[in-house]
Amino acid sequence: MVKFRIETTVDPVSQLVSASIHYPVNAKKPIAKTAAIFPNRETADKEVSAMIEAIFKKSESANN
């Protein structure tokens with residue numbers, strides 16, 4: 001199982017949330033960042049996790 005860390009940040013102007021994806025879990029710098037597009041931290045975490053899961057599923061099916 002792949003483990004990664006998602007950190008979220010609230011934009012002070014728009015109040016929207018951005019997400020940073022860190023891999024491996026203890027990485028100091030993110031491998032990817034989103035724009036501040038999410039309405040809250042919970043949605044950011046859920047949607048980013050779903051995107052990563054979909055990428056890995058697609059990769060697994062391509063290798064089989």
# chains A, B, ... in the order shown; residues from 1 in each chain; ligands from 1

call {"tool": "residues_around", "arguments": {"residues": "stretch 29-41 of chain A", "least_positions_apart": "6", "cutoff": "9 Å", "atoms": "only C-alpha atoms", "output": "JSON, numbers by chain"}}
result
{"A": [5, 6, 7, 8, 9, 10, 11, 14, 15, 16, 17, 18, 19, 20, 21, 22, 23, 47, 48]}

call {"tool": "select_by_dssp", "arguments": {"residues": "chain A", "states": "strand (DSSP E or B)", "output": "number ranges by chain"}}
result
A: 5-10, 17-22, 32-33, 38

call {"tool": "write_last_selection", "arguments": {"atoms": "N, CA and C atoms", "output": "PDB file, in the first residue's frame"}}
result
ATOM      1  N   ARG A   5       1.120  11.857   2.308  1.00  0.00           N
ATOM      2  CA  ARG A   5       0.558  12.824   3.251  1.00  0.00           C
ATOM      3  C   ARG A   5      -0.071  13.973   2.465  1.00  0.00           C
ATOM      4  N   ILE A   6      -1.232  14.406   2.907  1.00  0.00           N
ATOM      5  CA  ILE A   6      -1.898  15.559   2.308  1.00  0.00           C
ATOM      6  C   ILE A   6      -1.929  16.669   3.351  1.00  0.00           C
ATOM      7  N   GLU A   7      -1.399  17.824   2.986  1.00  0.00           N
ATOM      8  CA  GLU A   7      -1.470  18.997   3.851  1.00  0.00           C
ATOM      9  C   GLU A   7      -2.375  20.012   3.175  1.00  0.00           C
ATOM     10  N   THR A   8      -3.217  20.661   3.960  1.00  0.00           N
ATOM     11  CA  THR A   8      -4.137  21.649   3.405  1.00  0.00           C
ATOM     12  C   THR A   8      -3.836  23.036   3.965  1.00  0.00           C
ATOM     13  N   THR A   9      -4.131  24.039   3.143  1.00  0.00           N
ATOM     14  CA  THR A   9      -3.914  25.434   3.518  1.00  0.00           C
ATOM     15  C   THR A   9      -5.120  26.257   3.078  1.00  0.00           C
ATOM     16  N   VAL A  10      -5.594  27.114   3.959  1.00  0.00           N
ATOM     17  CA  VAL A  10      -6.720  27.991   3.631  1.00  0.00           C
ATOM     18  C   VAL A  10      -6.181  29.311   3.091  1.00  0.00           C
ATOM     19  N   VAL A  17      -9.554  26.249   0.009  1.00  0.00           N
ATOM     20  CA  VAL A  17      -8.468  25.413   0.512  1.00  0.00           C
ATOM     21  C   VAL A  17      -7.655  24.827  -0.636  1.00  0.00           C
ATOM     22  N   SER A  18      -6.341  24.833  -0.484  1.00  0.00           N
ATOM     23  CA  SER A  18      -5.446  24.157  -1.423  1.00  0.00           C
ATOM     24  C   SER A  18      -4.865  22.937  -0.715  1.00  0.00           C
ATOM     25  N   ALA A  19      -4.323  22.018  -1.505  1.00  0.00           N
ATOM     26  CA  ALA A  19      -3.740  20.803  -0.935  1.00  0.00           C
ATOM     27  C   ALA A  19      -2.346  20.574  -1.502  1.00  0.00           C
ATOM     28  N   SER A  20      -1.469  20.059  -0.653  1.00  0.00           N
ATOM     29  CA  SER A  20      -0.120  19.661  -1.053  1.00  0.00           C
ATOM     30  C   SER A  20       0.006  18.175  -0.780  1.00  0.00           C
ATOM     31  N   ILE A  21       0.538  17.439  -1.763  1.00  0.00           N
ATOM     32  CA  ILE A  21       0.705  15.994  -1.624  1.00  0.00           C
ATOM     33  C   ILE A  21       2.182  15.698  -1.401  1.00  0.00           C
ATOM     34  N   HIS A  22       2.458  14.991  -0.319  1.00  0.00           N
ATOM     35  CA  HIS A  22       3.836  14.659   0.045  1.00  0.00           C
ATOM     36  C   HIS A  22       4.043  13.150  -0.070  1.00  0.00           C
ATOM     37  N   ALA A  32       3.274  17.509  -5.433  1.00  0.00           N
ATOM     38  CA  ALA A  32       2.252  18.209  -6.218  1.00  0.00           C
ATOM     39  C   ALA A  32       1.446  19.126  -5.304  1.00  0.00           C
ATOM     40  N   LYS A  33       0.895  20.162  -5.907  1.00  0.00           N
ATOM     41  CA  LYS A  33       0.040  21.101  -5.171  1.00  0.00           C
ATOM     42  C   LYS A  33      -1.177  21.413  -6.029  1.00  0.00           C
ATOM     43  N   PHE A  38     -10.914  24.108  -3.161  1.00  0.00           N
ATOM     44  CA  PHE A  38     -11.805  23.300  -2.340  1.00  0.00           C
ATOM     45  C   PHE A  38     -12.523  24.168  -1.306  1.00  0.00           C
TER      46      PHE A  38
END

call {"tool": "closest_residue", "arguments": {"among": "A:Lys3, A:Asp45, A:Met51, A:Lys57", "to": "A:Ala27", "atoms": "only C-alpha atoms"}}
result
A:Lys3

call {"tool": "atom_distance", "arguments": {"atom1": "atom CA of A:Lys28", "atom2": "atom CA of A:Ser59"}}
result
25.6 Å

call {"tool": "select_by_dssp", "arguments": {"residues": "chain A", "states": "helix (DSSP H, G or I)", "output": "list in words"}}
result
Arg41, Glu42, Thr43, Ala44, Asp45, Lys46, Glu47, Val48, Ser49, Ala50, Met51, Ile52, Glu53, Ala54, Ile55, Phe56, Lys57, Lys58, Ser59, Glu60, Ser61, Ala62 and Asn63 of chain A

call {"tool": "atom_distance", "arguments": {"atom1": "atom CA of A:Ala54", "atom2": "atom CA of A:Phe4"}}
result
14.4 Å

call {"tool": "atom_distance", "arguments": {"atom1": "atom CA of A:Ser49", "atom2": "atom CA of A:Val13"}}
result
25.2 Å

call {"tool": "residues_around", "arguments": {"residues": "A:Val2", "least_positions_apart": "6", "cutoff": "10 Å", "atoms": "only C-alpha atoms", "output": "PDB file with all heavy atoms, in the first residue's frame"}}
result
ATOM      1  N   TYR A  23       5.068  12.758  -0.809  1.00  0.00           N
ATOM      2  CA  TYR A  23       5.441  11.353  -0.944  1.00  0.00           C
ATOM      3  C   TYR A  23       6.953  11.275  -1.026  1.00  0.00           C
ATOM      4  O   TYR A  23       7.544  12.001  -1.821  1.00  0.00           O
ATOM      5  CB  TYR A  23       4.814  10.740  -2.197  1.00  0.00           C
ATOM      6  CG  TYR A  23       5.231   9.305  -2.383  1.00  0.00           C
ATOM      7  CD1 TYR A  23       4.597   8.300  -1.668  1.00  0.00           C
ATOM      8  CD2 TYR A  23       6.270   8.971  -3.239  1.00  0.00           C
ATOM      9  CE1 TYR A  23       4.993   6.979  -1.819  1.00  0.00           C
ATOM     10  CE2 TYR A  23       6.665   7.659  -3.385  1.00  0.00           C
ATOM     11  CZ  TYR A  23       6.027   6.671  -2.678  1.00  0.00           C
ATOM     12  OH  TYR A  23       6.424   5.370  -2.817  1.00  0.00           O
ATOM     13  N   PRO A  24       7.540  10.444  -0.194  1.00  0.00           N
ATOM     14  CA  PRO A  24       6.951   9.624   0.855  1.00  0.00           C
ATOM     15  C   PRO A  24       6.381  10.493   1.978  1.00  0.00           C
ATOM     16  O   PRO A  24       6.522  11.717   1.956  1.00  0.00           O
ATOM     17  CB  PRO A  24       8.108   8.761   1.350  1.00  0.00           C
ATOM     18  CG  PRO A  24       9.346   9.500   0.957  1.00  0.00           C
ATOM     19  CD  PRO A  24       8.993  10.315  -0.250  1.00  0.00           C
ATOM     20  N   VAL A  25       5.748   9.848   2.933  1.00  0.00           N
ATOM     21  CA  VAL A  25       5.037  10.547   3.999  1.00  0.00           C
ATOM     22  C   VAL A  25       5.895  11.594   4.694  1.00  0.00           C
ATOM     23  O   VAL A  25       5.428  12.678   5.012  1.00  0.00           O
ATOM     24  CB  VAL A  25       4.488   9.523   5.027  1.00  0.00           C
ATOM     25  CG1 VAL A  25       3.894  10.220   6.221  1.00  0.00           C
ATOM     26  CG2 VAL A  25       3.455   8.635   4.375  1.00  0.00           C
ATOM     27  N   ILE A  52      -5.758  10.383  -6.284  1.00  0.00           N
ATOM     28  CA  ILE A  52      -4.557   9.551  -6.202  1.00  0.00           C
ATOM     29  C   ILE A  52      -4.926   8.077  -6.329  1.00  0.00           C
ATOM     30  O   ILE A  52      -4.269   7.313  -7.041  1.00  0.00           O
ATOM     31  CB  ILE A  52      -3.779   9.842  -4.906  1.00  0.00           C
ATOM     32  CG1 ILE A  52      -3.208  11.255  -4.986  1.00  0.00           C
ATOM     33  CG2 ILE A  52      -2.690   8.812  -4.670  1.00  0.00           C
ATOM     34  CD1 ILE A  52      -2.608  11.768  -3.712  1.00  0.00           C
ATOM     35  N   GLU A  53      -5.993   7.668  -5.678  1.00  0.00           N
ATOM     36  CA  GLU A  53      -6.446   6.286  -5.772  1.00  0.00           C
ATOM     37  C   GLU A  53      -6.793   5.928  -7.220  1.00  0.00           C
ATOM     38  O   GLU A  53      -6.429   4.860  -7.707  1.00  0.00           O
ATOM     39  CB  GLU A  53      -7.669   6.072  -4.882  1.00  0.00           C
ATOM     40  CG  GLU A  53      -8.150   4.638  -4.866  1.00  0.00           C
ATOM     41  CD  GLU A  53      -9.318   4.425  -3.927  1.00  0.00           C
ATOM     42  OE1 GLU A  53      -9.424   5.149  -2.920  1.00  0.00           O
ATOM     43  OE2 GLU A  53     -10.124   3.528  -4.212  1.00  0.00           O
ATOM     44  N   PHE A  56      -3.600   5.352  -9.245  1.00  0.00           N
ATOM     45  CA  PHE A  56      -2.975   4.065  -8.982  1.00  0.00           C
ATOM     46  C   PHE A  56      -3.771   2.913  -9.559  1.00  0.00           C
ATOM     47  O   PHE A  56      -3.208   1.959 -10.071  1.00  0.00           O
ATOM     48  CB  PHE A  56      -2.727   3.867  -7.480  1.00  0.00           C
ATOM     49  CG  PHE A  56      -1.501   4.570  -6.996  1.00  0.00           C
ATOM     50  CD1 PHE A  56      -1.600   5.763  -6.318  1.00  0.00           C
ATOM     51  CD2 PHE A  56      -0.239   4.064  -7.262  1.00  0.00           C
ATOM     52  CE1 PHE A  56      -0.458   6.435  -5.887  1.00  0.00           C
ATOM     53  CE2 PHE A  56       0.903   4.721  -6.847  1.00  0.00           C
ATOM     54  CZ  PHE A  56       0.785   5.915  -6.161  1.00  0.00           C
TER      55      PHE A  56
END
